[in-house]
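Source file model-v9.txt; content: compact mmCIF, C-alpha atoms.
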```txt
# COMPACT_ATOMS: atom_id res chain seq x y z
CA MET A 151 -4.61 -26.07 12.52
CA ASN A 152 -8.22 -25.02 13.01
CA PHE A 153 -9.18 -22.34 15.52
CA GLU A 154 -12.46 -22.05 17.37
CA ASP A 155 -14.31 -18.89 16.29
CA LYS A 156 -14.51 -17.66 19.87
CA GLU A 157 -10.74 -18.07 20.37
CA PHE A 158 -9.97 -16.42 17.04
CA ARG A 159 -12.22 -13.43 17.72
CA GLY A 160 -10.84 -13.16 21.26
CA LEU A 161 -7.30 -12.94 19.92
CA LEU A 162 -8.20 -10.15 17.48
CA GLU A 163 -10.06 -8.21 20.18
CA SER A 164 -7.09 -8.54 22.57
CA ILE A 165 -4.75 -7.20 19.88
CA ARG A 166 -7.08 -4.27 19.20
CA TYR A 167 -7.43 -3.44 22.90
CA THR A 168 -3.71 -3.77 23.73
CA TYR A 169 -1.97 -2.42 20.63
CA GLY A 170 -4.65 -0.55 18.65
CA TYR A 171 -4.31 -2.74 15.54
CA ASP A 172 -7.73 -3.76 14.28
CA PHE A 173 -7.83 -6.93 12.16
CA THR A 174 -11.46 -7.78 12.95
CA ASP A 175 -12.66 -6.71 9.50
CA TYR A 176 -9.82 -8.23 7.52
CA ALA A 177 -10.71 -11.16 5.26
CA GLU A 178 -10.94 -13.97 7.79
CA ALA A 179 -9.48 -16.78 5.67
CA SER A 180 -6.36 -14.72 4.96
CA VAL A 181 -5.85 -13.77 8.64
CA ARG A 182 -6.33 -17.38 9.79
CA ARG A 183 -3.82 -18.60 7.19
CA ARG A 184 -1.21 -16.03 8.23
CA ILE A 185 -1.68 -16.79 11.94
CA ASN A 186 -1.23 -20.48 11.19
CA HIS A 187 1.96 -19.77 9.29
CA PHE A 188 3.33 -17.66 12.16
CA MET A 189 2.47 -20.30 14.76
CA ASN A 190 4.08 -23.08 12.74
CA PHE A 191 7.22 -20.99 12.26
CA LYS A 192 7.44 -20.19 15.98
CA LYS A 193 6.39 -23.72 17.00
CA ILE A 194 3.40 -22.44 18.95
CA THR A 195 0.70 -25.08 19.26
CA ALA A 196 -2.31 -23.25 20.72
CA LEU A 197 -4.01 -19.94 20.02
CA ASN A 198 -4.27 -18.99 23.69
CA GLU A 199 -0.51 -19.63 24.00
CA LEU A 200 0.10 -17.26 21.07
CA GLU A 201 -2.17 -14.64 22.63
CA GLY A 202 -0.36 -14.75 25.94
CA MET A 203 3.04 -14.47 24.27
CA ILE A 204 2.34 -11.55 21.93
CA LEU A 205 0.52 -9.56 24.63
CA LYS A 206 3.59 -9.77 26.88
CA ASP A 207 6.36 -9.48 24.27
CA GLU A 208 6.28 -6.40 22.01
CA LYS A 209 9.14 -7.65 19.85
CA LEU A 210 7.29 -10.87 19.18
CA PHE A 211 4.19 -8.83 18.40
CA GLU A 212 6.17 -6.81 15.83
CA SER A 213 7.10 -10.09 14.13
CA PHE A 214 3.45 -11.12 14.26
CA ILE A 215 2.37 -7.85 12.60
CA GLN A 216 5.00 -8.42 9.92
CA GLU A 217 3.34 -11.74 9.13
CA LEU A 218 -0.20 -10.35 9.11
CA SER A 219 0.69 -7.34 6.96
CA VAL A 220 0.74 -7.75 3.22
CA THR A 221 4.23 -6.99 1.88
CA VAL A 222 4.22 -8.56 -1.59
CA THR A 223 5.08 -5.85 -4.12
CA GLU A 224 7.41 -4.93 -6.96
CA MET A 225 8.36 -1.87 -8.97
CA PHE A 226 5.93 -0.91 -11.73
CA ARG A 227 3.81 -3.93 -10.85
CA ASP A 228 1.10 -4.29 -13.52
CA PRO A 229 2.86 -1.94 -15.97
CA ALA A 230 -0.36 -1.15 -17.85
CA PHE A 231 -1.64 0.64 -14.75
CA TYR A 232 1.32 3.02 -14.78
CA LYS A 233 1.03 3.50 -18.53
CA SER A 234 -2.60 4.46 -18.03
CA LEU A 235 -1.62 6.90 -15.28
CA ARG A 236 0.77 8.59 -17.70
CA GLU A 237 -1.90 8.80 -20.38
CA ASN A 238 -4.96 9.60 -18.27
CA ALA A 239 -3.85 11.29 -15.07
CA ILE A 240 -0.73 13.35 -15.70
CA LYS A 241 -2.40 16.15 -17.69
CA ARG A 242 -4.95 16.64 -14.92
CA LEU A 243 -2.32 16.53 -12.18
CA ALA A 244 -0.22 19.06 -14.09
CA THR A 245 -2.98 21.66 -13.71
CA TYR A 246 -2.40 21.85 -9.93
CA PRO A 247 0.26 24.22 -8.59
CA PHE A 248 1.04 21.68 -5.87
CA ILE A 249 0.32 17.94 -6.03
CA LYS A 250 -0.29 15.70 -3.03
CA VAL A 251 -0.24 11.95 -3.58
CA TRP A 252 -1.17 9.30 -1.01
CA ILE A 253 0.07 5.74 -1.51
CA ALA A 254 -1.87 3.77 1.08
CA GLY A 255 -0.49 0.36 2.05
CA CYS A 256 2.91 1.09 0.53
CA ALA A 257 4.59 -2.05 1.97
CA THR A 258 8.36 -1.93 1.35
CA GLY A 259 8.18 1.07 -0.97
CA GLU A 260 8.64 -0.28 -4.48
CA GLU A 261 5.40 1.32 -5.65
CA VAL A 262 6.33 4.61 -3.99
CA TYR A 263 9.55 4.91 -5.97
CA SER A 264 7.74 3.84 -9.13
CA ILE A 265 5.36 6.78 -8.74
CA ALA A 266 8.24 9.12 -7.88
CA ILE A 267 10.04 8.09 -11.08
CA LEU A 268 6.89 8.56 -13.14
CA LEU A 269 6.29 12.05 -11.70
CA LYS A 270 9.94 12.98 -12.23
CA GLU A 271 9.83 11.94 -15.87
CA GLU A 272 6.67 13.98 -16.37
CA GLY A 273 8.26 17.06 -14.76
CA LEU A 274 5.96 17.05 -11.72
CA LEU A 275 8.02 15.60 -8.86
CA ASN A 276 9.53 18.94 -7.82
CA ARG A 277 6.04 20.26 -6.98
CA SER A 278 4.69 17.05 -5.51
CA VAL A 279 4.67 15.44 -2.08
CA ILE A 280 4.11 11.70 -1.88
CA TYR A 281 2.71 10.45 1.43
CA ALA A 282 3.55 6.75 1.74
CA THR A 283 1.81 4.94 4.56
CA ASP A 284 1.55 1.42 5.91
CA ILE A 285 0.54 -0.40 9.08
CA ASN A 286 3.86 -2.28 9.15
CA GLN A 287 6.72 -0.30 10.72
CA LYS A 288 9.37 -2.75 9.58
CA SER A 289 8.22 -2.46 5.96
CA LEU A 290 8.23 1.33 6.25
CA GLN A 291 11.86 1.24 7.39
CA VAL A 292 12.80 -0.80 4.31
CA ALA A 293 10.92 1.74 2.18
CA ARG A 294 12.76 4.67 3.77
CA GLU A 295 16.14 3.08 3.09
CA ALA A 296 15.30 2.34 -0.58
CA VAL A 297 17.76 -0.57 -0.74
CA TYR A 298 16.61 -3.60 -2.71
CA PRO A 299 18.12 -6.87 -4.00
CA VAL A 300 20.03 -6.45 -7.26
CA GLU A 301 18.50 -9.64 -8.68
CA ASN A 302 15.11 -7.90 -8.86
CA MET A 303 16.33 -5.17 -11.18
CA GLN A 304 16.01 -7.16 -14.39
CA SER A 305 12.29 -7.77 -13.92
CA TYR A 306 11.77 -4.22 -12.61
CA THR A 307 13.49 -2.85 -15.72
CA ILE A 308 11.14 -4.82 -17.96
CA ASN A 309 8.15 -3.53 -15.97
CA TYR A 310 9.47 0.04 -16.22
CA GLN A 311 9.86 -0.18 -19.98
CA LYS A 312 6.36 -1.64 -20.40
CA ALA A 313 5.01 1.15 -18.19
CA GLY A 314 6.22 3.76 -20.66
CA GLY A 315 9.47 4.73 -18.97
CA THR A 316 11.36 7.37 -20.91
CA ASN A 317 14.90 6.94 -19.55
CA SER A 318 17.28 4.11 -18.78
CA PHE A 319 15.99 2.56 -15.55
CA SER A 320 19.56 2.11 -14.26
CA GLU A 321 19.89 5.91 -14.04
CA TYR A 322 17.74 5.83 -10.92
CA TYR A 323 19.88 3.58 -8.73
CA LYS A 324 23.43 2.64 -7.85
CA SER A 325 24.58 -0.94 -7.40
CA LYS A 326 26.73 -2.05 -4.48
CA TYR A 327 27.53 -5.70 -3.84
CA ASN A 328 24.21 -7.59 -4.03
CA SER A 329 21.98 -4.56 -3.49
CA VAL A 330 20.93 -1.37 -5.20
CA MET A 331 20.11 1.97 -3.62
CA PHE A 332 17.69 4.33 -5.31
CA ASP A 333 18.68 7.92 -5.92
CA LYS A 334 18.25 10.34 -3.01
CA SER A 335 16.56 12.84 -5.32
CA LEU A 336 13.55 10.49 -5.45
CA LYS A 337 13.26 10.53 -1.65
CA GLN A 338 13.24 14.28 -1.16
CA ASN A 339 9.52 14.61 -1.85
CA ILE A 340 8.39 11.46 -0.01
CA VAL A 341 6.99 11.36 3.53
CA PHE A 342 6.83 7.87 5.08
CA SER A 343 4.44 7.44 7.98
CA PRO A 344 2.48 4.72 9.79
CA HIS A 345 -1.26 4.71 9.05
CA ASN A 346 -3.82 2.01 9.75
CA LEU A 347 -6.62 2.06 7.18
CA ALA A 348 -8.86 0.08 9.53
CA VAL A 349 -8.94 2.70 12.29
CA ASP A 350 -7.09 5.92 11.32
CA LYS A 351 -8.74 9.01 9.81
CA SER A 352 -8.02 11.24 6.85
CA PHE A 353 -4.94 13.42 7.35
CA ASN A 354 -4.82 15.64 4.23
CA GLU A 355 -6.47 16.46 0.92
CA PHE A 356 -4.98 14.70 -2.11
CA GLN A 357 -5.05 15.00 -5.88
CA LEU A 358 -4.17 11.31 -6.31
CA ILE A 359 -4.64 8.31 -4.02
CA ILE A 360 -3.22 4.90 -4.93
CA CYS A 361 -4.16 1.82 -2.91
CA ARG A 362 -3.52 -1.29 -4.94
CA ASN A 363 -3.96 -4.90 -3.83
CA VAL A 364 -4.82 -3.94 -0.26
CA LEU A 365 -8.62 -3.91 -0.25
CA ILE A 366 -8.70 -7.56 -1.32
CA TYR A 367 -7.53 -8.45 2.21
CA PHE A 368 -10.49 -6.63 3.84
CA ASN A 369 -14.07 -7.79 4.22
CA GLN A 370 -16.85 -5.85 2.49
CA GLN A 371 -17.60 -3.67 5.51
CA LEU A 372 -14.00 -2.51 5.85
CA GLN A 373 -13.62 -2.04 2.09
CA ASN A 374 -16.62 0.29 2.14
CA LYS A 375 -15.18 2.20 5.12
CA VAL A 376 -11.83 2.67 3.37
CA ILE A 377 -13.42 3.85 0.10
CA GLN A 378 -15.35 6.42 2.15
CA LEU A 379 -12.03 7.50 3.70
CA PHE A 380 -10.50 7.92 0.24
CA HIS A 381 -13.52 9.87 -1.00
CA GLU A 382 -13.23 12.18 2.00
CA SER A 383 -9.49 12.59 1.38
CA LEU A 384 -9.66 13.43 -2.34
CA CYS A 385 -10.02 16.94 -3.64
CA PRO A 386 -12.84 17.65 -6.15
CA PHE A 387 -12.02 15.67 -9.32
CA GLY A 388 -9.19 13.88 -7.51
CA LEU A 389 -8.04 10.52 -8.88
CA LEU A 390 -8.12 7.09 -7.24
CA GLY A 391 -6.17 4.02 -8.38
CA LEU A 392 -7.05 0.51 -7.17
CA GLY A 393 -5.70 -2.98 -7.85
CA ASN A 394 -6.93 -4.99 -10.82
CA LYS A 395 -8.98 -7.34 -8.61
CA GLU A 396 -10.58 -4.49 -6.68
CA SER A 397 -13.73 -2.55 -7.39
CA LEU A 398 -16.06 0.25 -6.28
CA LEU A 399 -19.05 -1.83 -7.31
CA PHE A 400 -20.33 -2.57 -3.80
CA SER A 401 -19.20 0.70 -2.21
CA GLU A 402 -21.75 3.19 -0.94
CA LYS A 403 -19.64 5.84 -2.69
CA ARG A 404 -19.63 4.16 -6.11
CA MET A 405 -21.88 6.86 -7.62
CA ASN A 406 -19.45 9.54 -6.42
CA PHE A 407 -16.78 8.29 -8.82
CA ASP A 408 -16.57 8.04 -12.61
CA GLU A 409 -14.36 5.57 -14.44
CA VAL A 410 -11.23 6.98 -16.07
CA ASP A 411 -9.92 3.56 -17.10
CA ARG A 412 -12.23 0.65 -16.33
CA LYS A 413 -9.62 -2.04 -17.04
CA GLU A 414 -6.84 -0.47 -14.97
CA LYS A 415 -9.20 0.63 -12.15
CA ILE A 416 -8.55 4.35 -12.24
CA PHE A 417 -11.42 6.56 -11.06
CA ILE A 418 -12.18 10.25 -10.68
CA LYS A 419 -14.21 11.79 -7.86
CA ASN A 420 -17.27 13.52 -9.30
CA SER A 421 -18.96 14.74 -6.12
```

Take the structure from the file and write it as structure tokens.
Amino acid sequence: MNFEDKEFRGLLESIRYTYGYDFTDYAEASVRRRINHFMNFKKITALNELEGMILKDEKLFESFIQELSVTVTEMFRDPAFYKSLRENAIKRLATYPFIKVWIAGCATGEEVYSIAILLKEEGLLNRSVIYATDINQKSLQVAREAVYPVENMQSYTINYQKAGGTNSFSEYYKSKYNSVMFDKSLKQNIVFSPHNLAVDKSFNEFQLIICRNVLIYFNQQLQNKVIQLFHESLCPFGLLGLGNKESLLFSEKRMNFDEVDRKEKIFIKNS
């Protein structure tokens, strides 16, 4: 269904005012599509009806946020990116006595555990803290539990091997019924926390920030704001990893980064 611009903008402003979630600078086509999907699923026929319902019912709003948040992910997604991290980032990270990593927009955590495994295999996990953040509380809870469907493990194993994994992937999890649980040792150095890239500020200084396949859902203004946030949050010569369809090209901070791997979108802060 088509929404009037005024109604659509009114809904987003009401959400921002009531709950503090700001979707006004998200890519509009994507937000409209996800709202449509939610309304069809809930059999809601009008935008003002949706607005009234989610402003009165926090549980319904949580479901709505789940729909609007991007949760598509997998372990060692785009294996070449992780291979490049091993080859181009690990030696630099190893020079720090203590390593802080921020995975922004971590969804249900598959990427978080991928990074934890990589750092463990490179002997760095014991002196690292991984901050994993997302806007979606439900996704964060899945990430904390580290329980995933067993049918995904075959494709994850292939990804892991292509990413340069040095062990047997099955060493990192235990199977039970139709699920697997990842090893508790991977969790010990991970802090899961809600963070909204659209409105929240920097909360630490990091040696590595990874935010992959998140910026593509933001408009240019918000992309630029988030890149500035990452620049502010990185230590001198800190590393930034983006998704393969994302770029610093139109960012005001583009000259403050050098390319480490152009193809895999890994950058280093130069000033």

Exercise for the section: Could you jot down the CA of Lys206 (chain A) to CA of Gln291 (chain A) separation for me, Å, one decimal place? Expected result: 23.9 Å

Handout entry: Shell around Lys241 (chain A) at 12 Å using all atoms listed in the file, local window under 6 positions removed, as a count of residues only
Key = 7

Problem - Neighbour residues at most 7 Å from (-2.0, -21.1, 15.9) (all atoms listed in the file) as a ChimeraX atom specification - result: /A:151,185-186,189,194-197,200

Same residues, C-alpha atoms, saved as a JSON list (two decimals), in the coordinates of the input:
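What landed in out_3.json:
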```json
[["chain", "number", "residue", "atom", "x", "y", "z"],
["A", 151, "MET", "CA", -4.61, -26.07, 12.52],
["A", 185, "ILE", "CA", -1.68, -16.79, 11.94],
["A", 186, "ASN", "CA", -1.23, -20.48, 11.19],
["A", 189, "MET", "CA", 2.47, -20.30, 14.76],
["A", 194, "ILE", "CA", 3.40, -22.44, 18.95],
["A", 195, "THR", "CA", 0.70, -25.08, 19.26],
["A", 196, "ALA", "CA", -2.31, -23.25, 20.72],
["A", 197, "LEU", "CA", -4.01, -19.94, 20.02],
["A", 200, "LEU", "CA", 0.10, -17.26, 21.07]]
```

Problem - Exercise: Glu382 (chain A) partners within 10 Å, only C-alpha atoms, chain neighbours under 4 positions left out, as a count of residues only - result: 11

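Each of A:Phe211, A:Phe153, A:Phe226, A:Tyr176 was compared to Arg362 (chain A) using all atoms listed in the file, and A:Phe226 turns out to be the nearest.
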
Handout entry: Residues near Phe173 (chain A), cut-off 8 Å, all atoms listed in the file, skip fewer than 5 positions along chain, as a VMD selection string
Key = chain A and resid 162 166 181 348

Problem - Nearest to Tyr281 (chain A), chosen from A:Lys193, A:Arg294, A:Arg182, A:Lys334, with only C-alpha atoms counted in the distances - result: A:Arg294

Asn346 (chain A): which residues within 7 Å, counting all atoms listed in the file, same-chain residues fewer than 4 positions away excluded, as a PDB file with C-alpha atoms, in the frame of the given file?
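Wrote it out as selection-v7.pdb, contents follow:
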```
ATOM      1  CA  ASP A 284       1.550   1.420   5.910  1.00  0.00           C
ATOM      2  CA  ILE A 285       0.540  -0.400   9.080  1.00  0.00           C
ATOM      3  CA  ASP A 350      -7.090   5.920  11.320  1.00  0.00           C
TER       4      ASP A 350
END
```

Practice task
Could you jot down the CA of Ser213 (chain A) to CA of Ile280 (chain A) separation for me, Å, one decimal place?
Solution key: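 So the answer is 27.2 Å.
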